[in-house]
Amino acid sequence: MGQDQTKQQIEKGLHLYQSNQTEKALRVWMRVLEKSADPAGRFRVLGCLITAHAEMGRYKDMLKFAVVQIDTARELEDPDFLTESYLNLARSNEKLCEFQKTISYCKTCLNMQGTTVSMQLNGQVSLSMGNAFLGLSIFQKALECFEKALRYAHNNDDKMLECRVCCSLGNFYTQIKESMKIALQHGDRPLQALCLLCFADIHRSRRDVQTAFPRYDSSMSIMTEIGNRLGLIQVLLGVTKCWMIQKELDKALESIEKAQELAEGLGNKLGLLKLHCLCEKIYRTKEQQRELRDHVVKFHECVEEMELYCGMCGESIGEKNNQLQALPCSHFFHLKCLQTNGTRGCPNCRRLSVKPGYV
């Protein structure tokens, strides 16, 4: 079956599927998969089969087709196809509750930045990763992923993605409520504080600031009572973002000042980095150039101290989604820099670290 006939049969299957003739559509697509000699056509029909089996709840079959699609993408040597196939593999494992695998495949997708398709799929990747973290009850990371997915949905006016994220947030909220009940029953104050922080973050992500503030206050009260200073920094970061949503920039700076004092006392460089980043946004909005430059400098000082930069190109790590390589000496580099440079030693510590072909 040639390229034109493959395309024609795929469209025929889609027409049948949209007419609720699912089994007939599946037979048409399976015939294309068996007879087509066009790799791109095979990739597309595998996508149709994956979607159909996902919607029917046949998740094992979904995974089976996702694995075949990965092989097809590798044959095509196209990064866009490869990104899409890894997302399908992640979603298949998510449906089968293989959450660690889901997270791993999602990270692979995010590392394949710079391609046309990967940028369009970022929202779906973040949603799938969020669902996996939620399945593992890692609530804070789940919420971070859902917030990213929601931003992608709003920025691209993707109503379907927005709907799916809201459904996941509803599930997230339910699980946090259950955790809160358990925490109250057992008098677990640290868990109560964490649940209240998560509730507040959920409402903030939905831009419901008036509901978020009282929960941040309650969480802050418990964090202060139990002496969780790191938790207090997280609460104050959330409060700062709420004030920024309301464009109350002076109040945001007051919260930042309190959080900065705590972060400096703890030596929490990551917290300081986040605070300098928020200050940078505030002073850019206020058009206060001297303060803006000051926090840009301090931000990069934190990056230097935490060694969050590539020792070859000098660019910061984490500012953009790039594929990284950790060397045995624990230093991180952009994978593309290692591959281009071909070095066998770590530029940061001048120690033999990479064998030929390691990367």
# chains A, B, ... in the order shown; residues from 1 in each chain; ligands from 1
>>> residues_around(residues="Phe81 (chain A)", least_positions_apart="2", cutoff="9 Å", atoms="only C-alpha atoms", output="JSON list (two decimals) with N, CA and C atoms, in the first residue's frame")
[["chain", "number", "residue", "atom", "x", "y", "z"],
["A", 40, "ALA", "N", 5.65, 7.21, 7.48],
["A", 40, "ALA", "CA", 4.91, 8.34, 8.04],
["A", 40, "ALA", "C", 3.42, 8.00, 8.17],
["A", 43, "PHE", "N", 2.99, 5.74, 11.10],
["A", 43, "PHE", "CA", 3.05, 6.50, 12.35],
["A", 43, "PHE", "C", 1.70, 7.14, 12.65],
["A", 69, "GLN", "N", 4.83, 2.50, 17.83],
["A", 69, "GLN", "CA", 4.98, 3.85, 17.29],
["A", 69, "GLN", "C", 6.36, 4.43, 17.58],
["A", 70, "ILE", "N", 6.90, 4.13, 18.76],
["A", 70, "ILE", "CA", 8.26, 4.57, 19.10],
["A", 70, "ILE", "C", 9.27, 4.03, 18.09],
["A", 72, "THR", "N", 8.67, 3.09, 15.05],
["A", 72, "THR", "CA", 8.43, 3.75, 13.76],
["A", 72, "THR", "C", 9.05, 5.14, 13.74],
["A", 73, "ALA", "N", 8.92, 5.86, 14.86],
["A", 73, "ALA", "CA", 9.50, 7.22, 14.96],
["A", 73, "ALA", "C", 11.01, 7.17, 14.84],
["A", 74, "ARG", "N", 11.62, 6.17, 15.46],
["A", 74, "ARG", "CA", 13.08, 6.03, 15.37],
["A", 74, "ARG", "C", 13.50, 5.73, 13.93],
["A", 76, "LEU", "N", 11.97, 6.79, 11.32],
["A", 76, "LEU", "CA", 11.82, 8.03, 10.56],
["A", 76, "LEU", "C", 12.89, 9.05, 10.90],
["A", 77, "GLU", "N", 13.52, 8.90, 12.08],
["A", 77, "GLU", "CA", 14.56, 9.82, 12.54],
["A", 77, "GLU", "C", 14.08, 11.27, 12.55],
["A", 78, "ASP", "N", 12.84, 11.46, 13.00],
["A", 78, "ASP", "CA", 12.26, 12.80, 13.06],
["A", 78, "ASP", "C", 11.98, 13.14, 14.53],
["A", 79, "PRO", "N", 12.58, 14.21, 15.09],
["A", 79, "PRO", "CA", 12.39, 14.53, 16.51],
["A", 79, "PRO", "C", 10.94, 14.85, 16.88],
["A", 83, "THR", "N", 9.00, 12.83, 19.77],
["A", 83, "THR", "CA", 8.39, 13.50, 20.92],
["A", 83, "THR", "C", 6.94, 13.05, 21.10],
["A", 84, "GLU", "N", 6.20, 13.03, 20.00],
["A", 84, "GLU", "CA", 4.79, 12.63, 20.06],
["A", 84, "GLU", "C", 4.65, 11.18, 20.52],
["A", 85, "SER", "N", 5.54, 10.32, 20.06],
["A", 85, "SER", "CA", 5.45, 8.91, 20.43],
["A", 85, "SER", "C", 5.80, 8.69, 21.90],
["A", 86, "TYR", "N", 6.77, 9.46, 22.41],
["A", 86, "TYR", "CA", 7.11, 9.36, 23.84],
["A", 86, "TYR", "C", 5.96, 9.85, 24.72],
["A", 117, "VAL", "N", 6.61, 20.27, 17.07],
["A", 117, "VAL", "CA", 5.56, 19.53, 17.77],
["A", 117, "VAL", "C", 5.76, 19.57, 19.28]]
>>> residues_around(residues="region 56-66 of chain A", least_positions_apart="3", cutoff="12 Å", atoms="only C-alpha atoms", output="short mmCIF file (atom, residue, chain, number, x, y, z; two decimals) with N, CA, C and O atoms, in the first residue's frame")
data_model
loop_
_atom_site.label_atom_id
_atom_site.label_comp_id
_atom_site.auth_asym_id
_atom_site.auth_seq_id
_atom_site.Cartn_x
_atom_site.Cartn_y
_atom_site.Cartn_z
N TYR A 17 -14.92 6.30 12.40
CA TYR A 17 -14.79 6.48 13.86
C TYR A 17 -15.66 7.64 14.33
O TYR A 17 -16.34 7.54 15.37
N ASN A 20 -19.23 6.88 14.85
CA ASN A 20 -19.45 5.88 15.91
C ASN A 20 -19.43 4.44 15.41
O ASN A 20 -19.98 3.54 16.06
N THR A 22 -16.95 2.28 15.45
CA THR A 22 -15.60 2.11 16.00
C THR A 22 -14.91 0.84 15.50
O THR A 22 -13.75 0.87 15.07
N GLU A 23 -15.61 -0.28 15.56
CA GLU A 23 -14.98 -1.56 15.18
C GLU A 23 -14.59 -1.57 13.71
O GLU A 23 -13.53 -2.09 13.34
N LEU A 26 -11.46 0.49 13.35
CA LEU A 26 -10.29 -0.24 13.84
C LEU A 26 -9.80 -1.25 12.81
O LEU A 26 -8.59 -1.42 12.61
N TRP A 29 -7.95 0.60 10.03
CA TRP A 29 -6.62 1.06 10.47
C TRP A 29 -5.64 -0.10 10.65
O TRP A 29 -4.46 0.03 10.33
N MET A 30 -6.14 -1.23 11.13
CA MET A 30 -5.26 -2.40 11.28
C MET A 30 -4.79 -2.91 9.93
O MET A 30 -3.65 -3.34 9.79
N LEU A 33 -2.04 -0.69 8.84
CA LEU A 33 -0.82 -0.99 9.59
C LEU A 33 -0.11 -2.22 9.04
O LEU A 33 1.12 -2.28 8.97
N ARG A 42 2.23 4.95 8.55
CA ARG A 42 2.13 3.98 9.64
C ARG A 42 2.15 4.69 11.00
O ARG A 42 1.42 4.34 11.91
N PHE A 43 2.99 5.74 11.10
CA PHE A 43 3.05 6.50 12.35
C PHE A 43 1.70 7.14 12.65
O PHE A 43 1.21 7.10 13.77
N ARG A 44 1.09 7.72 11.61
CA ARG A 44 -0.19 8.40 11.81
C ARG A 44 -1.30 7.41 12.18
O ARG A 44 -2.12 7.68 13.06
N VAL A 45 -1.32 6.26 11.52
CA VAL A 45 -2.39 5.29 11.82
C VAL A 45 -2.21 4.70 13.22
O VAL A 45 -3.18 4.40 13.91
N LEU A 46 -0.97 4.58 13.65
CA LEU A 46 -0.71 4.13 15.02
C LEU A 46 -1.24 5.16 16.02
O LEU A 46 -1.80 4.80 17.07
N GLY A 47 -1.12 6.45 15.67
CA GLY A 47 -1.68 7.50 16.52
C GLY A 47 -3.19 7.37 16.64
O GLY A 47 -3.76 7.55 17.72
N CYS A 48 -3.84 7.06 15.52
CA CYS A 48 -5.29 6.85 15.52
C CYS A 48 -5.68 5.66 16.41
O CYS A 48 -6.64 5.73 17.19
N LEU A 49 -4.93 4.58 16.29
CA LEU A 49 -5.20 3.37 17.09
C LEU A 49 -4.97 3.63 18.59
O LEU A 49 -5.73 3.16 19.44
N ILE A 50 -3.94 4.40 18.90
CA ILE A 50 -3.65 4.73 20.30
C ILE A 50 -4.80 5.54 20.89
O ILE A 50 -5.29 5.25 21.99
N THR A 51 -5.25 6.56 20.16
CA THR A 51 -6.34 7.41 20.64
C THR A 51 -7.62 6.61 20.82
O THR A 51 -8.32 6.75 21.84
N ALA A 52 -7.94 5.77 19.85
CA ALA A 52 -9.17 4.98 19.91
C ALA A 52 -9.17 4.02 21.10
O ALA A 52 -10.15 3.92 21.84
N HIS A 53 -8.05 3.33 21.30
CA HIS A 53 -7.98 2.38 22.42
C HIS A 53 -7.96 3.10 23.76
O HIS A 53 -8.49 2.57 24.76
N GLN A 69 4.83 2.50 17.83
CA GLN A 69 4.98 3.85 17.29
C GLN A 69 6.36 4.43 17.58
O GLN A 69 6.93 5.13 16.75
N ILE A 70 6.90 4.13 18.76
CA ILE A 70 8.26 4.57 19.10
C ILE A 70 9.27 4.03 18.09
O ILE A 70 10.14 4.74 17.58
N ASP A 71 9.14 2.73 17.77
CA ASP A 71 10.05 2.11 16.79
C ASP A 71 9.91 2.77 15.43
O ASP A 71 10.91 2.99 14.72
N THR A 72 8.67 3.09 15.05
CA THR A 72 8.43 3.75 13.76
C THR A 72 9.05 5.14 13.74
O THR A 72 9.64 5.56 12.74
N ALA A 73 8.92 5.86 14.86
CA ALA A 73 9.50 7.22 14.96
C ALA A 73 11.01 7.17 14.84
O ALA A 73 11.63 8.03 14.20
N PHE A 81 8.20 13.44 15.52
CA PHE A 81 7.54 12.14 15.65
C PHE A 81 7.95 11.45 16.95
O PHE A 81 7.14 10.83 17.63
N LEU A 82 9.24 11.56 17.28
CA LEU A 82 9.75 10.90 18.47
C LEU A 82 9.13 11.50 19.74
O LEU A 82 8.76 10.78 20.67
N THR A 83 9.00 12.83 19.77
CA THR A 83 8.39 13.50 20.92
C THR A 83 6.94 13.05 21.10
O THR A 83 6.51 12.73 22.21
N GLU A 84 6.20 13.03 20.00
CA GLU A 84 4.79 12.63 20.06
C GLU A 84 4.65 11.18 20.52
O GLU A 84 3.77 10.85 21.33
N SER A 85 5.54 10.32 20.06
CA SER A 85 5.45 8.91 20.43
C SER A 85 5.80 8.69 21.90
O SER A 85 5.21 7.86 22.59
N TYR A 86 6.77 9.46 22.41
CA TYR A 86 7.11 9.36 23.84
C TYR A 86 5.96 9.85 24.72
O TYR A 86 5.70 9.31 25.80
N LEU A 87 5.25 10.89 24.25
CA LEU A 87 4.07 11.35 24.99
C LEU A 87 3.01 10.26 25.04
O LEU A 87 2.40 10.00 26.09
N ASN A 88 2.78 9.59 23.91
CA ASN A 88 1.81 8.49 23.88
C ASN A 88 2.23 7.34 24.80
O ASN A 88 1.39 6.71 25.45
N LEU A 89 3.53 7.09 24.86
CA LEU A 89 4.05 6.06 25.76
C LEU A 89 3.83 6.48 27.22
O LEU A 89 3.45 5.65 28.07
N ALA A 90 4.05 7.76 27.50
CA ALA A 90 3.83 8.28 28.86
C ALA A 90 2.35 8.16 29.24
O ALA A 90 2.01 7.70 30.34
N ARG A 91 1.48 8.56 28.34
CA ARG A 91 0.04 8.51 28.63
C ARG A 91 -0.45 7.08 28.82
O ARG A 91 -1.30 6.80 29.67
N SER A 92 0.10 6.15 28.04
CA SER A 92 -0.27 4.74 28.18
C SER A 92 0.10 4.22 29.56
O SER A 92 -0.70 3.55 30.22
N ASN A 93 1.32 4.54 29.99
CA ASN A 93 1.77 4.09 31.31
C ASN A 93 1.00 4.78 32.43
O ASN A 93 0.75 4.19 33.48
N GLU A 94 0.62 6.04 32.20
CA GLU A 94 -0.20 6.76 33.20
C GLU A 94 -1.53 6.03 33.40
O GLU A 94 -1.97 5.83 34.54
N LYS A 95 -2.17 5.63 32.30
CA LYS A 95 -3.46 4.94 32.40
C LYS A 95 -3.33 3.59 33.10
O LYS A 95 -4.25 3.12 33.76
N LEU A 96 -2.15 2.96 32.96
CA LEU A 96 -1.90 1.66 33.60
C LEU A 96 -1.30 1.82 34.99
O LEU A 96 -0.86 0.85 35.60
N CYS A 97 -1.28 3.08 35.49
CA CYS A 97 -0.77 3.40 36.84
C CYS A 97 0.71 3.09 37.02
O CYS A 97 1.17 2.85 38.15
N GLU A 98 1.45 3.09 35.93
CA GLU A 98 2.92 2.96 36.00
C GLU A 98 3.50 4.37 36.08
O GLU A 98 4.05 4.91 35.12
N THR A 102 5.83 6.87 33.67
CA THR A 102 5.19 8.04 33.07
C THR A 102 6.06 9.28 33.23
O THR A 102 6.30 10.02 32.28
N TYR A 105 9.16 9.13 30.98
CA TYR A 105 8.89 9.41 29.57
C TYR A 105 8.51 10.88 29.35
O TYR A 105 8.86 11.47 28.32
#
>>> closest_atom_pairs(of="region 142-217 of chain A", to="region 122-130 of chain A", cutoff="9 Å", atoms="only C-alpha atoms", output="tab-separated table")
residue	atom	partner	partner_atom	distance
A:Ala142	CA	A:Gly130	CA	4.2
A:Leu143	CA	A:Gly130	CA	6.7
A:Glu144	CA	A:Gly130	CA	7.5
A:Cys145	CA	A:Gly130	CA	4.8
A:Phe146	CA	A:Gly130	CA	5.7
A:Glu147	CA	A:Ser126	CA	8.6
A:Lys148	CA	A:Ser126	CA	6.4
A:Ala149	CA	A:Gly123	CA	4.3
A:Leu150	CA	A:Gly123	CA	7.3
A:Arg151	CA	A:Gly123	CA	7.9
A:Tyr152	CA	A:Gly123	CA	5.2
A:Ala153	CA	A:Gly123	CA	6.6
A:Leu161	CA	A:Gln124	CA	7.1
A:Arg164	CA	A:Leu127	CA	8.1
A:Val165	CA	A:Leu127	CA	6.5
A:Ser168	CA	A:Leu127	CA	8.1
>>> atom_distance(atom1="CA of Asn171 (chain A)", atom2="CA of Phe139 (chain A)")
11.3 Å
>>> residues_around(residues="Ile245 (chain A)", least_positions_apart="5", cutoff="10 Å", atoms="only C-alpha atoms", output="compact mmCIF listing (two decimals) with all heavy atoms, in the first residue's frame")
# COMPACT_ATOMS: atom_id res chain seq x y z
N ARG A 204 -4.91 29.71 44.04
CA ARG A 204 -4.10 30.72 43.37
C ARG A 204 -3.93 30.40 41.89
O ARG A 204 -4.00 31.29 41.03
CB ARG A 204 -2.72 30.84 44.03
CG ARG A 204 -1.77 31.78 43.30
CD ARG A 204 -0.45 31.94 44.01
NE ARG A 204 0.21 30.67 44.26
CZ ARG A 204 0.86 29.95 43.33
NH1 ARG A 204 0.90 30.38 42.08
NH2 ARG A 204 1.44 28.82 43.65
N ARG A 207 -6.54 31.60 40.04
CA ARG A 207 -6.63 33.05 40.20
C ARG A 207 -7.74 33.47 41.17
O ARG A 207 -8.24 34.59 41.14
CB ARG A 207 -6.79 33.75 38.84
CG ARG A 207 -5.70 33.39 37.84
CD ARG A 207 -5.83 34.17 36.57
NE ARG A 207 -5.31 35.53 36.68
CZ ARG A 207 -4.03 35.86 36.63
NH1 ARG A 207 -3.09 34.92 36.46
NH2 ARG A 207 -3.66 37.11 36.74
N ASP A 208 -8.11 32.53 42.06
CA ASP A 208 -9.09 32.81 43.11
C ASP A 208 -8.32 33.24 44.36
O ASP A 208 -8.21 32.50 45.35
CB ASP A 208 -9.94 31.56 43.38
CG ASP A 208 -11.05 31.81 44.39
OD1 ASP A 208 -11.18 32.95 44.86
OD2 ASP A 208 -11.77 30.85 44.72
N VAL A 209 -7.82 34.46 44.32
CA VAL A 209 -6.91 34.95 45.36
C VAL A 209 -7.60 35.10 46.71
O VAL A 209 -7.01 34.79 47.75
CB VAL A 209 -6.30 36.31 44.91
CG1 VAL A 209 -5.48 36.93 46.02
CG2 VAL A 209 -5.44 36.10 43.66
N VAL A 239 2.02 33.64 48.71
CA VAL A 239 1.39 34.92 49.05
C VAL A 239 1.88 36.02 48.11
O VAL A 239 1.11 36.85 47.63
CB VAL A 239 1.68 35.29 50.53
CG1 VAL A 239 1.23 36.71 50.83
CG2 VAL A 239 0.98 34.31 51.47
N THR A 240 3.19 36.01 47.85
CA THR A 240 3.78 37.00 46.93
C THR A 240 3.12 36.92 45.56
O THR A 240 2.75 37.95 44.96
CB THR A 240 5.29 36.76 46.78
OG1 THR A 240 5.92 36.89 48.05
CG2 THR A 240 5.91 37.74 45.80
N ALA A 252 3.59 42.70 47.64
CA ALA A 252 4.37 41.54 47.19
C ALA A 252 5.81 41.65 47.67
O ALA A 252 6.41 40.67 48.15
CB ALA A 252 4.32 41.43 45.67
>>> residues_around(residues="Lys241 (chain A)", least_positions_apart="2", cutoff="10 Å", atoms="only C-alpha atoms", output="number ranges by chain")
A: 201, 204-205, 207, 209, 236-239, 243-249, 252, 255-256, 278
>>> atom_distance(atom1="CA of Ile226 (chain A)", atom2="CA of Thr211 (chain A)")
23.9 Å
>>> residues_around(residues="Cys279 (chain A)", least_positions_apart="4", cutoff="8 Å", atoms="only C-alpha atoms", output="JSON, numbers by chain")
{"A": [253, 256, 275, 283, 292, 295]}
>>> atom_distance(atom1="CA of Asn156 (chain A)", atom2="CA of Leu121 (chain A)")
10.9 Å
>>> select_by_dssp(residues="region 110-342 of chain A", states="strand (DSSP E)", output="mmCIF file with all heavy atoms, in the first residue's frame")
data_model
loop_
_atom_site.group_PDB
_atom_site.id
_atom_site.type_symbol
_atom_site.label_atom_id
_atom_site.label_comp_id
_atom_site.auth_asym_id
_atom_site.auth_seq_id
_atom_site.Cartn_x
_atom_site.Cartn_y
_atom_site.Cartn_z
ATOM 1 N N LEU A 324 20.030 17.343 29.390
ATOM 2 C CA LEU A 324 21.238 17.470 30.200
ATOM 3 C C LEU A 324 21.953 16.131 30.342
ATOM 4 O O LEU A 324 21.361 15.079 30.131
ATOM 5 C CB LEU A 324 20.893 18.004 31.597
ATOM 6 C CG LEU A 324 20.096 19.305 31.668
ATOM 7 C CD1 LEU A 324 19.777 19.643 33.121
ATOM 8 C CD2 LEU A 324 20.862 20.441 31.014
ATOM 9 N N GLN A 325 23.218 16.215 30.714
ATOM 10 C CA GLN A 325 23.996 15.019 31.012
ATOM 11 C C GLN A 325 24.737 15.251 32.325
ATOM 12 O O GLN A 325 25.432 16.257 32.480
ATOM 13 C CB GLN A 325 25.007 14.745 29.896
ATOM 14 C CG GLN A 325 25.929 13.562 30.172
ATOM 15 C CD GLN A 325 25.175 12.244 30.161
ATOM 16 O OE1 GLN A 325 24.542 11.893 29.179
ATOM 17 N NE2 GLN A 325 25.234 11.517 31.257
ATOM 18 N N ALA A 326 24.544 14.341 33.278
ATOM 19 C CA ALA A 326 25.290 14.415 34.541
ATOM 20 C C ALA A 326 26.522 13.535 34.408
ATOM 21 O O ALA A 326 26.427 12.357 34.047
ATOM 22 C CB ALA A 326 24.426 13.929 35.694
ATOM 23 N N PHE A 332 26.792 19.059 35.803
ATOM 24 C CA PHE A 332 25.819 18.951 34.730
ATOM 25 C C PHE A 332 26.253 19.790 33.528
ATOM 26 O O PHE A 332 26.810 20.886 33.691
ATOM 27 C CB PHE A 332 24.445 19.453 35.196
ATOM 28 C CG PHE A 332 23.717 18.475 36.061
ATOM 29 C CD1 PHE A 332 23.907 18.468 37.432
ATOM 30 C CD2 PHE A 332 22.830 17.566 35.509
ATOM 31 C CE1 PHE A 332 23.235 17.574 38.244
ATOM 32 C CE2 PHE A 332 22.153 16.665 36.306
ATOM 33 C CZ PHE A 332 22.351 16.669 37.682
ATOM 34 N N PHE A 333 25.945 19.266 32.331
ATOM 35 C CA PHE A 333 26.229 19.991 31.099
ATOM 36 C C PHE A 333 25.072 19.787 30.143
ATOM 37 O O PHE A 333 24.316 18.816 30.249
ATOM 38 C CB PHE A 333 27.517 19.478 30.443
ATOM 39 C CG PHE A 333 28.745 19.689 31.279
ATOM 40 C CD1 PHE A 333 29.152 18.733 32.198
ATOM 41 C CD2 PHE A 333 29.490 20.846 31.157
ATOM 42 C CE1 PHE A 333 30.267 18.932 32.988
ATOM 43 C CE2 PHE A 333 30.621 21.055 31.937
ATOM 44 C CZ PHE A 333 31.004 20.092 32.852
ATOM 45 N N HIS A 334 24.926 20.713 29.196
ATOM 46 C CA HIS A 334 23.993 20.488 28.103
ATOM 47 C C HIS A 334 24.523 19.323 27.266
ATOM 48 O O HIS A 334 25.704 19.306 26.914
ATOM 49 C CB HIS A 334 23.868 21.727 27.219
ATOM 50 C CG HIS A 334 23.178 22.870 27.903
ATOM 51 N ND1 HIS A 334 23.730 24.126 28.001
ATOM 52 C CD2 HIS A 334 21.969 22.942 28.518
ATOM 53 C CE1 HIS A 334 22.902 24.925 28.650
ATOM 54 N NE2 HIS A 334 21.835 24.228 28.975
#
